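Asker: Below you'll find run-v2.pdb; it's PDB, C-alpha atoms.
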ATOM      1  CA  MET A  30      81.671   8.013 -11.694
ATOM      2  CA  GLU A  31      82.287   6.989  -8.076
ATOM      3  CA  ASN A  32      79.796   9.656  -7.064
ATOM      4  CA  ASN A  33      77.116   8.194  -9.370
ATOM      5  CA  ILE A  34      77.549   4.720  -7.903
ATOM      6  CA  ASN A  35      77.242   6.087  -4.373
ATOM      7  CA  MET A  36      74.158   8.135  -5.298
ATOM      8  CA  GLU A  37      72.464   5.111  -6.858
ATOM      9  CA  LEU A  38      73.224   2.980  -3.800
ATOM     10  CA  MET A  39      71.731   5.622  -1.532
ATOM     11  CA  LYS A  40      68.614   5.893  -3.690
ATOM     12  CA  LYS A  41      68.111   2.140  -3.580
ATOM     13  CA  MET A  42      68.638   2.044   0.178
ATOM     14  CA  MET A  43      66.092   4.810   0.679
ATOM     15  CA  VAL A  44      63.517   3.076  -1.516
ATOM     16  CA  PHE A  45      64.113  -0.165   0.391
ATOM     17  CA  THR A  46      63.733   1.606   3.745
ATOM     18  CA  ARG A  47      60.485   3.259   2.683
ATOM     19  CA  LYS A  48      59.173  -0.028   1.295
ATOM     20  CA  ALA A  49      60.157  -1.946   4.430
ATOM     21  CA  HIS A  50      58.273   0.555   6.588
ATOM     22  CA  GLY A  51      55.075   0.257   4.568
ATOM     23  CA  HIS A  52      55.471   3.441   2.534
ATOM     24  CA  ARG A  53      54.584   3.270  -1.096
ATOM     25  CA  PRO A  54      57.562   3.119  -3.445
ATOM     26  CA  PRO A  55      58.265   6.100  -5.672
ATOM     27  CA  GLU A  56      55.896   6.497  -8.558
ATOM     28  CA  PRO A  57      57.085   5.663 -12.063
ATOM     29  CA  PRO A  58      58.250   8.645 -14.112
ATOM     30  CA  PHE A  59      55.393  10.957 -14.874
ATOM     31  CA  GLY A  60      54.863  11.871 -18.472
ATOM     32  CA  GLU A  61      51.243  12.805 -18.745
ATOM     33  CA  HIS A  62      52.168  16.309 -19.826
ATOM     34  CA  GLY A  63      55.600  15.580 -21.228
ATOM     35  CA  HIS A  64      57.513  17.116 -18.342
ATOM     36  CA  CYS A  65      60.510  15.350 -16.867
ATOM     37  CA  ASP A  66      59.769  11.968 -18.453
ATOM     38  CA  HIS A  67      63.503  11.526 -18.945
ATOM     39  CA  ARG A  68      64.282  10.856 -15.283
ATOM     40  CA  PRO A  69      62.783   8.624 -12.664
ATOM     41  CA  PRO A  70      61.819  10.415  -9.495
ATOM     42  CA  GLU A  71      64.437  10.486  -6.810
ATOM     43  CA  PRO A  72      63.331   9.012  -3.504
ATOM     44  CA  PRO A  73      62.753  11.602  -0.793
ATOM     45  CA  PHE A  74      65.502  12.493   1.630
ATOM     46  CA  GLY A  75      63.369  13.474   4.580
ATOM     47  CA  GLU A  76      59.746  13.333   5.332
ATOM     48  CA  PRO A  77      58.153  16.589   4.196
ATOM     49  CA  GLY A  78      55.093  17.813   5.935
ATOM     50  CA  HIS A  79      56.807  16.929   9.202
ATOM     51  CA  HIS A  80      55.146  19.037  11.852
ATOM     52  CA  GLY A  81      58.007  19.041  14.322
ATOM     53  CA  HIS A  82      59.731  22.255  15.199
ATOM     54  CA  ARG A  83      62.915  23.297  13.505
ATOM     55  CA  PRO A  84      65.106  26.340  14.028
ATOM     56  CA  PRO A  85      64.612  29.447  11.911
ATOM     57  CA  GLU A  86      66.173  29.261   8.470
ATOM     58  CA  PRO A  87      67.912  32.599   7.962
ATOM     59  CA  SER A  88      70.724  30.934   6.031
ATOM     60  CA  PHE A  89      68.478  28.360   4.338
ATOM     61  CA  GLY A  90      69.469  25.538   6.627
ATOM     62  CA  GLY A  91      71.323  24.741   9.779
ATOM     63  CA  PRO A  92      73.440  22.113  11.421
ATOM     64  CA  GLY A  93      71.918  18.701  11.858
ATOM     65  CA  HIS A  94      72.751  15.637  13.902
ATOM     66  CA  HIS A  95      76.027  13.746  13.700
ATOM     67  CA  GLY A  96      77.945  16.501  11.913
ATOM     68  CA  PHE A  97      76.010  16.745   8.643
ATOM     69  CA  ARG A  98      73.148  18.934   7.552
ATOM     70  CA  PRO A  99      70.048  17.014   6.584
ATOM     71  CA  PRO A 100      68.340  18.631   3.597
ATOM     72  CA  LEU A 101      65.222  20.569   4.429
ATOM     73  CA  SER A 102      62.036  20.196   2.451
ATOM     74  CA  ARG A 103      62.808  23.474   0.696
ATOM     75  CA  GLU A 104      66.207  22.230  -0.385
ATOM     76  CA  ARG A 105      64.825  18.897  -1.531
ATOM     77  CA  LEU A 106      62.235  20.658  -3.651
ATOM     78  CA  LEU A 107      64.961  22.766  -5.298
ATOM     79  CA  VAL A 108      67.036  19.676  -6.107
ATOM     80  CA  GLU A 109      64.024  17.941  -7.658
ATOM     81  CA  MET A 110      63.200  21.034  -9.698
ATOM     82  CA  ALA A 111      66.802  21.227 -10.936
ATOM     83  CA  GLU A 112      66.197  17.891 -12.661
ATOM     84  CA  CYS A 113      63.472  19.549 -14.751
ATOM     85  CA  PRO A 114      65.067  22.531 -16.517
ATOM     86  CA  GLU A 115      62.083  22.652 -18.915
ATOM     87  CA  GLY A 116      59.826  23.397 -15.944
ATOM     88  CA  ILE A 117      57.481  21.295 -13.875
ATOM     89  CA  ARG A 118      53.842  21.560 -12.885
ATOM     90  CA  GLN A 119      53.025  21.818  -9.208
ATOM     91  CA  LYS A 120      50.932  18.637  -9.356
ATOM     92  CA  ASP A 121      53.815  16.676 -10.868
ATOM     93  CA  LEU A 122      56.239  18.044  -8.285
ATOM     94  CA  MET A 123      53.823  17.097  -5.509
ATOM     95  CA  GLU A 124      53.613  13.517  -6.816
ATOM     96  CA  LYS A 125      57.355  13.286  -7.323
ATOM     97  CA  LEU A 126      58.046  14.397  -3.739
ATOM     98  CA  HIS A 127      55.162  12.390  -2.246
ATOM     99  CA  ILE A 128      53.830  15.345  -0.283
ATOM    100  CA  GLY A 129      50.396  16.863   0.010
ATOM    101  CA  GLN A 130      49.030  19.747  -1.993
ATOM    102  CA  SER A 131      48.985  22.241   0.882
ATOM    103  CA  SER A 132      52.589  21.448   1.875
ATOM    104  CA  THR A 133      53.720  21.765  -1.732
ATOM    105  CA  SER A 134      51.874  25.066  -2.167
ATOM    106  CA  GLU A 135      53.359  26.447   1.030
ATOM    107  CA  LEU A 136      56.908  25.478   0.015
ATOM    108  CA  ILE A 137      56.478  26.882  -3.494
ATOM    109  CA  ASN A 138      55.071  30.171  -2.208
ATOM    110  CA  LYS A 139      57.933  30.605   0.270
ATOM    111  CA  LEU A 140      60.553  29.746  -2.345
ATOM    112  CA  GLU A 141      58.960  32.126  -4.825
ATOM    113  CA  ASP A 142      58.845  34.911  -2.217
ATOM    114  CA  ASP A 143      62.535  34.293  -1.456
ATOM    115  CA  GLY A 144      63.479  34.439  -5.141
ATOM    116  CA  TYR A 145      64.413  30.774  -5.643
ATOM    117  CA  ILE A 146      61.656  29.838  -8.102
ATOM    118  CA  GLU A 147      59.342  31.535 -10.569
ATOM    119  CA  ARG A 148      56.090  30.640 -12.259
ATOM    120  CA  LYS A 149      55.551  30.878 -16.012
ATOM    121  CA  VAL A 150      52.620  30.046 -18.277
ATOM    122  CA  ASP A 151      53.033  26.670 -19.987
ATOM    123  CA  GLU A 152      53.339  27.541 -23.682
ATOM    124  CA  SER A 153      51.902  24.138 -24.656
ATOM    125  CA  ASP A 154      48.825  24.628 -22.443
ATOM    126  CA  LYS A 155      48.063  28.257 -21.621
ATOM    127  CA  ARG A 156      45.789  27.168 -18.759
ATOM    128  CA  ALA A 157      48.690  25.596 -16.869
ATOM    129  CA  THR A 158      51.613  27.098 -14.980
ATOM    130  CA  LEU A 159      55.123  25.708 -14.878
ATOM    131  CA  LEU A 160      57.621  26.214 -12.083
ATOM    132  CA  PHE A 161      61.234  27.092 -12.859
ATOM    133  CA  LEU A 162      64.321  27.687 -10.754
ATOM    134  CA  THR A 163      65.763  31.172 -10.847
ATOM    135  CA  ASP A 164      69.555  31.613 -11.030
ATOM    136  CA  LYS A 165      69.540  31.827  -7.232
ATOM    137  CA  GLY A 166      67.521  28.599  -7.030
ATOM    138  CA  GLN A 167      69.822  26.801  -9.458
ATOM    139  CA  ALA A 168      72.857  27.829  -7.407
ATOM    140  CA  ARG A 169      71.313  26.570  -4.159
ATOM    141  CA  ALA A 170      70.165  23.302  -5.775
ATOM    142  CA  ALA A 171      73.739  22.707  -6.985
ATOM    143  CA  GLU A 172      75.095  23.356  -3.462
ATOM    144  CA  VAL A 173      72.653  20.869  -1.954
ATOM    145  CA  ALA A 174      73.455  18.251  -4.608
ATOM    146  CA  ASP A 175      77.169  18.676  -3.841
ATOM    147  CA  GLU A 176      76.494  18.302  -0.101
ATOM    148  CA  ARG A 177      74.552  15.096  -0.767
ATOM    149  CA  ALA A 178      77.307  13.711  -2.976
ATOM    150  CA  ALA A 179      79.924  14.392  -0.303
ATOM    151  CA  MET A 180      77.773  12.714   2.335
ATOM    152  CA  PHE A 181      77.258   9.618   0.137
ATOM    153  CA  ASP A 182      80.936   9.449  -0.799
ATOM    154  CA  ASP A 183      81.828   9.450   2.881
ATOM    155  CA  MET A 184      79.138   6.907   3.707
ATOM    156  CA  PHE A 185      80.310   4.361   1.118
ATOM    157  CA  SER A 186      84.065   5.080   1.255
ATOM    158  CA  LYS A 187      84.782   1.891   3.221
ATOM    159  CA  LEU A 188      83.354  -0.335   0.478
ATOM    160  CA  SER A 189      85.330  -1.559  -2.511
ATOM    161  CA  ASP A 190      83.805  -1.308  -5.986
ATOM    162  CA  GLU A 191      83.042  -5.039  -5.830
ATOM    163  CA  GLU A 192      81.289  -4.643  -2.466
ATOM    164  CA  LYS A 193      79.269  -1.730  -3.793
ATOM    165  CA  GLN A 194      78.142  -3.847  -6.734
ATOM    166  CA  THR A 195      77.196  -6.684  -4.384
ATOM    167  CA  LEU A 196      75.197  -4.286  -2.214
ATOM    168  CA  SER A 197      73.467  -2.891  -5.297
ATOM    169  CA  ASP A 198      72.600  -6.394  -6.509
ATOM    170  CA  LEU A 199      71.249  -7.366  -3.086
ATOM    171  CA  LEU A 200      69.109  -4.237  -2.884
ATOM    172  CA  ASP A 201      67.764  -4.937  -6.374
ATOM    173  CA  LYS A 202      66.824  -8.422  -5.229
ATOM    174  CA  LEU A 203      65.108  -7.103  -2.104
ATOM    175  CA  LEU A 204      63.223  -4.478  -4.105
ATOM    176  CA  ALA A 205      62.021  -6.889  -6.796
ATOM    177  CA  GLU A 206      58.263  -7.330  -6.747
TER     178      GLU A 206
END
Since I need it in another form, could you write the structure as structure tokens?
Answerer:
Amino acid sequence: MENNINMELMKKMMVFTRKAHGHRPPEPPFGEHGHCDHRPPEPPFGEPGHHGHRPPEPSFGGPGHHGFRPPLSRERLLVEMAECPEGIRQKDLMEKLHIGQSSTSELINKLEDDGYIERKVDESDKRATLLFLTDKGQARAAEVADERAAMFDDMFSKLSDEEKQTLSDLLDKLLAE
């Protein structure tokens, strides 16, 4: 339960930060095709499509600044896909992650080549393709989610439950339209 509170606080803080810097807030849950309507999109962790250089990813990541590993775009995509066990369309994933079509396609192709995701025909619309995590992808998504939870737990460990609630209420007030 503590973990859920910390995760929600972090999500709100990230939405507030994006909003304060002129970025559009996350889109409402998509449901046009019935996929993943049950969850609101999680705000992004990093800015995908970043054209800076990063070290090679032989182990699917690497050390970051200040002693924790920031999730890479690949890892973020896996975590988002894990929230959609019934599959997700590339377009919906692109909108959920707020990244461009070419970046999404590149990430999906690399993850598919590495065995983390697979494509299947959408049984409800044979013209469409759904993306699914493989067992390997599900395992990595779970690892990343655990790393995030540990980071958030550490980040908010100095706050009491009452202080966390106050922070949540204040963020809600700041985010209100």
Asker: Could you spell out the hits of the PyMOL selection byres ((chain A and resi 190) around 12) on the shown file, as a VMD selection string?
Answerer: chain A and resid 30 to 32 34 to 35 38 185 to 189 191 to 197
Asker: Report, in Å with one decimal, the straight-line distance from CA of Ile146 (chain A) to CA of Leu160 (chain A).
Answerer: 6.7 Å
Asker: Looking at A:Met36, A:Ala49, A:Ala171, A:Val150, which one is nearest to Met110 (chain A), with distances taken over all atoms listed in the file?
Answerer: A:Ala171
Asker: Return the single residue from A:Asn138, A:Ser102, A:Gln167, A:Thr158 that is closest to Leu126 (chain A), with distances computed using all atoms listed in the file.
Answerer: A:Ser102
Asker: Which residue out of A:Asp154, A:Glu37, A:Glu109, A:Asp143 has the minimum interatomic distance to Ala174 (chain A) when all atoms listed in the file are used?
Answerer: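 Between A:Asp154, A:Glu37, A:Glu109, A:Asp143, the residue approaching Ala174 (chain A) most closely is A:Glu109.
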Asker: Going by the chain IDs and residue numbers used in this file, which residues fall under the PyMOL selection byres ((chain A and resi 145) around 10)? Write them as a PyMOL selection string.
Answerer: chain A and resi 103+107+137-144+146-147+161-170
Asker: Quick one: distance from CA of Asp201 (chain A) to CA of Met180 (chain A) in Å, one decimal?
Answerer: 22.1 Å
Asker: On this structure, which residues satisfy the PyMOL selection byres ((chain A and resi 204) around 9), written as a VMD selection string?
Answerer: chain A and resid 41 44 to 45 48 199 to 203 205 to 206
Asker: Could you tell me how far CA of Asp182 (chain A) lies from CA of Leu106 (chain A), in Å and to one decimal?
Answerer: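 These atoms are spaced 22.0 Å apart.
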Asker: Between A:Glu124, A:Glu115, A:Asp198, A:Glu176, which residue has the minimum interatomic distance to Asp151 (chain A), considering all atoms listed in the file?
Answerer: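 Closest candidate: A:Glu115.
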Asker: Take every atom of region 147-158 of chain A listed in the file, pad by 4 Å on each side, and give me the axis-aligned box centre and edge lengths in Å, one decimal, as AutoDock Vina command-line options.
Answerer:
--center_x 52.6 --center_y 27.8 --center_z -17.6 --size_x 21.6 --size_y 15.4 --size_z 22.1
